[in-house]
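Since the structure comes first, as structure tokens, the remarks are kept for the end.
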Amino acid sequence: MGLHHCVGRHVARLEAEAVLAARVEHIALAGPVRRRPNNIMNALASVPVTVTLAR
């Protein structure tokens, strides 16, 4: 949120990229993104996706 964020988010992002890069070929939106009303930050209620696994 703003200038303040979780210090570990960069590590979590790198870990997710390493795992997904080896196993997932493609990720695409499968429907509309639903936002959750929140006065402090942008929150998501759901993000439907379709995942195509690598062969």
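Residue names in the structure tokens use chain letters A, B, ... in the order shown, residue numbers from 1 in each chain, and ligand numbers from 1 in the order shown.
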Among chain A, which ones does DSSP assign to strand (DSSP E) (computed from the backbone)? Answer as number ranges by chain.
A: 24-29, 34-36, 43-46, 49-53
Go ahead and dump the residues you just picked, N, CA and C atoms, as an mmCIF file, in the first residue's frame.
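Result went into again-v2.cif, see below:
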data_model
loop_
_atom_site.group_PDB
_atom_site.id
_atom_site.type_symbol
_atom_site.label_atom_id
_atom_site.label_comp_id
_atom_site.auth_asym_id
_atom_site.auth_seq_id
_atom_site.Cartn_x
_atom_site.Cartn_y
_atom_site.Cartn_z
ATOM 1 N N VAL A 24 3.993 -24.479 -15.803
ATOM 2 C CA VAL A 24 2.843 -23.846 -16.444
ATOM 3 C C VAL A 24 3.266 -23.206 -17.760
ATOM 4 N N GLU A 25 2.507 -23.522 -18.815
ATOM 5 C CA GLU A 25 2.796 -22.948 -20.120
ATOM 6 C C GLU A 25 2.113 -21.597 -20.302
ATOM 7 N N HIS A 26 0.853 -21.487 -19.826
ATOM 8 C CA HIS A 26 0.089 -20.267 -20.072
ATOM 9 C C HIS A 26 -0.960 -20.072 -18.974
ATOM 10 N N ILE A 27 -1.138 -18.833 -18.544
ATOM 11 C CA ILE A 27 -2.194 -18.460 -17.596
ATOM 12 C C ILE A 27 -2.999 -17.343 -18.250
ATOM 13 N N ALA A 28 -4.332 -17.506 -18.278
ATOM 14 C CA ALA A 28 -5.198 -16.500 -18.901
ATOM 15 C C ALA A 28 -6.419 -16.243 -18.027
ATOM 16 N N LEU A 29 -6.948 -15.043 -18.097
ATOM 17 C CA LEU A 29 -8.178 -14.730 -17.380
ATOM 18 C C LEU A 29 -9.325 -15.562 -17.944
ATOM 19 N N ARG A 34 -13.435 -9.643 -9.997
ATOM 20 C CA ARG A 34 -14.368 -9.003 -9.066
ATOM 21 C C ARG A 34 -13.575 -8.318 -7.955
ATOM 22 N N ARG A 35 -13.844 -7.060 -7.751
ATOM 23 C CA ARG A 35 -13.171 -6.293 -6.693
ATOM 24 C C ARG A 35 -13.985 -6.339 -5.413
ATOM 25 N N ARG A 36 -13.305 -6.296 -4.299
ATOM 26 C CA ARG A 36 -13.941 -6.241 -2.988
ATOM 27 C C ARG A 36 -13.827 -4.814 -2.485
ATOM 28 N N ALA A 43 -8.681 -4.269 -3.141
ATOM 29 C CA ALA A 43 -8.811 -5.672 -2.777
ATOM 30 C C ALA A 43 -9.562 -6.411 -3.872
ATOM 31 N N LEU A 44 -9.201 -7.664 -4.088
ATOM 32 C CA LEU A 44 -9.861 -8.488 -5.084
ATOM 33 C C LEU A 44 -10.675 -9.575 -4.395
ATOM 34 N N ALA A 45 -11.894 -9.774 -4.857
ATOM 35 C CA ALA A 45 -12.735 -10.844 -4.318
ATOM 36 C C ALA A 45 -12.444 -12.144 -5.062
ATOM 37 N N SER A 46 -12.255 -12.054 -6.405
ATOM 38 C CA SER A 46 -11.916 -13.252 -7.172
ATOM 39 C C SER A 46 -11.248 -12.863 -8.485
ATOM 40 N N VAL A 49 -8.998 -17.794 -13.395
ATOM 41 C CA VAL A 49 -7.968 -18.022 -14.410
ATOM 42 C C VAL A 49 -8.050 -19.440 -14.976
ATOM 43 N N THR A 50 -7.513 -19.584 -16.173
ATOM 44 C CA THR A 50 -7.330 -20.886 -16.794
ATOM 45 C C THR A 50 -5.843 -21.126 -16.891
ATOM 46 N N VAL A 51 -5.409 -22.299 -16.443
ATOM 47 C CA VAL A 51 -3.988 -22.634 -16.436
ATOM 48 C C VAL A 51 -3.742 -23.778 -17.413
ATOM 49 N N THR A 52 -2.807 -23.574 -18.327
ATOM 50 C CA THR A 52 -2.400 -24.613 -19.260
ATOM 51 C C THR A 52 -1.043 -25.144 -18.807
ATOM 52 N N LEU A 53 -0.987 -26.423 -18.476
ATOM 53 C CA LEU A 53 0.256 -27.015 -17.980
ATOM 54 C C LEU A 53 1.221 -27.270 -19.125
#
Write out as a tab-separated table (two decimals) with N, CA, C and O atoms, in the first residue's frame each polymer residue whose atoms come within 8 Å of A:Ala22, counting only C-alpha atoms; drop sequence neighbours fewer than 3 positions from it.
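Below you can see part.tsv, which holds the result:
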chain	number	residue	atom	x	y	z
A	18	ALA	N	9.54	-19.19	-10.12
A	18	ALA	CA	10.39	-20.37	-10.33
A	18	ALA	C	9.55	-21.64	-10.42
A	18	ALA	O	9.78	-22.49	-11.29
A	19	VAL	N	8.55	-21.78	-9.59
A	19	VAL	CA	7.69	-22.96	-9.60
A	19	VAL	C	6.81	-22.97	-10.84
A	19	VAL	O	6.68	-23.98	-11.53
A	54	ALA	N	2.52	-27.17	-18.83
A	54	ALA	CA	3.55	-27.47	-19.81
A	54	ALA	C	3.60	-28.96	-20.05
A	54	ALA	O	3.30	-29.76	-19.15
List every residue of chain A that DSSP, applied to the backbone of this structure, assigns to alpha helix (DSSP H), and report them as number ranges by chain.
A: 9-23
Please produce an output containing all heavy atoms for each residue in the selection, written as an mmCIF file, in the first residue's frame.
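Saved result, result.cif, follows:
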data_model
loop_
_atom_site.group_PDB
_atom_site.id
_atom_site.type_symbol
_atom_site.label_atom_id
_atom_site.label_comp_id
_atom_site.auth_asym_id
_atom_site.auth_seq_id
_atom_site.Cartn_x
_atom_site.Cartn_y
_atom_site.Cartn_z
ATOM 1 N N ARG A 9 7.618 -9.874 0.006
ATOM 2 C CA ARG A 9 6.849 -10.057 -1.225
ATOM 3 C C ARG A 9 7.739 -10.338 -2.421
ATOM 4 O O ARG A 9 7.364 -11.060 -3.322
ATOM 5 C CB ARG A 9 5.941 -8.870 -1.497
ATOM 6 C CG ARG A 9 6.622 -7.681 -2.104
ATOM 7 C CD ARG A 9 5.671 -6.534 -2.320
ATOM 8 N NE ARG A 9 6.397 -5.462 -2.959
ATOM 9 C CZ ARG A 9 5.955 -4.772 -3.980
ATOM 10 N NH1 ARG A 9 4.760 -5.009 -4.462
ATOM 11 N NH2 ARG A 9 6.676 -3.825 -4.504
ATOM 12 N N HIS A 10 8.945 -9.792 -2.440
ATOM 13 C CA HIS A 10 9.851 -10.044 -3.553
ATOM 14 C C HIS A 10 10.317 -11.498 -3.560
ATOM 15 O O HIS A 10 10.407 -12.124 -4.612
ATOM 16 C CB HIS A 10 11.044 -9.093 -3.502
ATOM 17 C CG HIS A 10 10.659 -7.655 -3.615
ATOM 18 N ND1 HIS A 10 10.136 -7.121 -4.767
ATOM 19 C CD2 HIS A 10 10.682 -6.652 -2.716
ATOM 20 C CE1 HIS A 10 9.871 -5.841 -4.573
ATOM 21 N NE2 HIS A 10 10.193 -5.536 -3.333
ATOM 22 N N VAL A 11 10.599 -12.029 -2.392
ATOM 23 C CA VAL A 11 10.997 -13.436 -2.280
ATOM 24 C C VAL A 11 9.842 -14.338 -2.698
ATOM 25 O O VAL A 11 10.014 -15.293 -3.452
ATOM 26 C CB VAL A 11 11.455 -13.773 -0.844
ATOM 27 C CG1 VAL A 11 11.720 -15.261 -0.693
ATOM 28 C CG2 VAL A 11 12.684 -12.967 -0.483
ATOM 29 N N ALA A 12 8.627 -14.036 -2.244
ATOM 30 C CA ALA A 12 7.456 -14.830 -2.605
ATOM 31 C C ALA A 12 7.214 -14.779 -4.111
ATOM 32 O O ALA A 12 6.895 -15.803 -4.728
ATOM 33 C CB ALA A 12 6.228 -14.328 -1.854
ATOM 34 N N ARG A 13 7.388 -13.645 -4.716
ATOM 35 C CA ARG A 13 7.195 -13.514 -6.166
ATOM 36 C C ARG A 13 8.229 -14.340 -6.925
ATOM 37 O O ARG A 13 7.904 -15.035 -7.892
ATOM 38 C CB ARG A 13 7.283 -12.056 -6.581
ATOM 39 C CG ARG A 13 7.026 -11.849 -8.066
ATOM 40 C CD ARG A 13 6.955 -10.401 -8.423
ATOM 41 N NE ARG A 13 5.709 -9.872 -7.894
ATOM 42 C CZ ARG A 13 5.419 -8.585 -7.818
ATOM 43 N NH1 ARG A 13 6.294 -7.696 -8.207
ATOM 44 N NH2 ARG A 13 4.263 -8.193 -7.353
ATOM 45 N N LEU A 14 9.485 -14.297 -6.509
ATOM 46 C CA LEU A 14 10.534 -15.085 -7.160
ATOM 47 C C LEU A 14 10.276 -16.584 -7.018
ATOM 48 O O LEU A 14 10.464 -17.350 -7.967
ATOM 49 C CB LEU A 14 11.908 -14.731 -6.585
ATOM 50 C CG LEU A 14 12.472 -13.392 -7.008
ATOM 51 C CD1 LEU A 14 13.744 -13.074 -6.222
ATOM 52 C CD2 LEU A 14 12.759 -13.384 -8.497
ATOM 53 N N GLU A 15 9.836 -17.011 -5.832
ATOM 54 C CA GLU A 15 9.529 -18.424 -5.615
ATOM 55 C C GLU A 15 8.377 -18.871 -6.511
ATOM 56 O O GLU A 15 8.434 -19.939 -7.126
ATOM 57 C CB GLU A 15 9.175 -18.687 -4.151
ATOM 58 C CG GLU A 15 10.350 -18.610 -3.222
ATOM 59 C CD GLU A 15 9.944 -18.778 -1.768
ATOM 60 O OE1 GLU A 15 8.749 -18.624 -1.440
ATOM 61 O OE2 GLU A 15 10.827 -19.071 -0.942
ATOM 62 N N ALA A 16 7.340 -18.060 -6.597
ATOM 63 C CA ALA A 16 6.189 -18.400 -7.438
ATOM 64 C C ALA A 16 6.596 -18.471 -8.903
ATOM 65 O O ALA A 16 6.186 -19.387 -9.627
ATOM 66 C CB ALA A 16 5.071 -17.383 -7.238
ATOM 67 N N GLU A 17 7.400 -17.541 -9.365
ATOM 68 C CA GLU A 17 7.852 -17.553 -10.754
ATOM 69 C C GLU A 17 8.681 -18.795 -11.048
ATOM 70 O O GLU A 17 8.540 -19.406 -12.108
ATOM 71 C CB GLU A 17 8.665 -16.299 -11.061
ATOM 72 C CG GLU A 17 7.839 -15.053 -11.206
ATOM 73 C CD GLU A 17 8.673 -13.822 -11.494
ATOM 74 O OE1 GLU A 17 9.853 -13.949 -11.909
ATOM 75 O OE2 GLU A 17 8.145 -12.723 -11.319
ATOM 76 N N ALA A 18 9.543 -19.187 -10.120
ATOM 77 C CA ALA A 18 10.387 -20.369 -10.329
ATOM 78 C C ALA A 18 9.547 -21.637 -10.424
ATOM 79 O O ALA A 18 9.776 -22.487 -11.291
ATOM 80 C CB ALA A 18 11.399 -20.495 -9.192
ATOM 81 N N VAL A 19 8.549 -21.779 -9.587
ATOM 82 C CA VAL A 19 7.690 -22.964 -9.600
ATOM 83 C C VAL A 19 6.808 -22.970 -10.838
ATOM 84 O O VAL A 19 6.684 -23.983 -11.534
ATOM 85 C CB VAL A 19 6.825 -23.023 -8.318
ATOM 86 C CG1 VAL A 19 5.753 -24.076 -8.441
ATOM 87 C CG2 VAL A 19 7.706 -23.282 -7.103
ATOM 88 N N LEU A 20 6.177 -21.835 -11.142
ATOM 89 C CA LEU A 20 5.256 -21.772 -12.272
ATOM 90 C C LEU A 20 5.968 -21.881 -13.620
ATOM 91 O O LEU A 20 5.437 -22.489 -14.554
ATOM 92 C CB LEU A 20 4.442 -20.488 -12.216
ATOM 93 C CG LEU A 20 3.439 -20.392 -11.075
ATOM 94 C CD1 LEU A 20 2.773 -19.029 -11.074
ATOM 95 C CD2 LEU A 20 2.393 -21.493 -11.165
ATOM 96 N N ALA A 21 7.157 -21.336 -13.744
ATOM 97 C CA ALA A 21 7.871 -21.356 -15.020
ATOM 98 C C ALA A 21 8.165 -22.780 -15.472
ATOM 99 O O ALA A 21 8.144 -23.077 -16.669
ATOM 100 C CB ALA A 21 9.162 -20.556 -14.913
ATOM 101 N N ALA A 22 8.413 -23.668 -14.545
ATOM 102 C CA ALA A 22 8.745 -25.047 -14.882
ATOM 103 C C ALA A 22 7.518 -25.894 -15.180
ATOM 104 O O ALA A 22 7.604 -26.897 -15.873
ATOM 105 C CB ALA A 22 9.529 -25.676 -13.739
ATOM 106 N N ARG A 23 6.349 -25.494 -14.698
ATOM 107 C CA ARG A 23 5.167 -26.358 -14.793
ATOM 108 C C ARG A 23 4.011 -25.786 -15.592
ATOM 109 O O ARG A 23 3.112 -26.515 -15.980
ATOM 110 C CB ARG A 23 4.685 -26.686 -13.382
ATOM 111 C CG ARG A 23 5.708 -27.447 -12.593
ATOM 112 C CD ARG A 23 5.159 -27.888 -11.266
ATOM 113 N NE ARG A 23 6.158 -28.651 -10.563
ATOM 114 C CZ ARG A 23 6.554 -28.427 -9.344
ATOM 115 N NH1 ARG A 23 6.005 -27.469 -8.657
ATOM 116 N NH2 ARG A 23 7.479 -29.164 -8.779
#
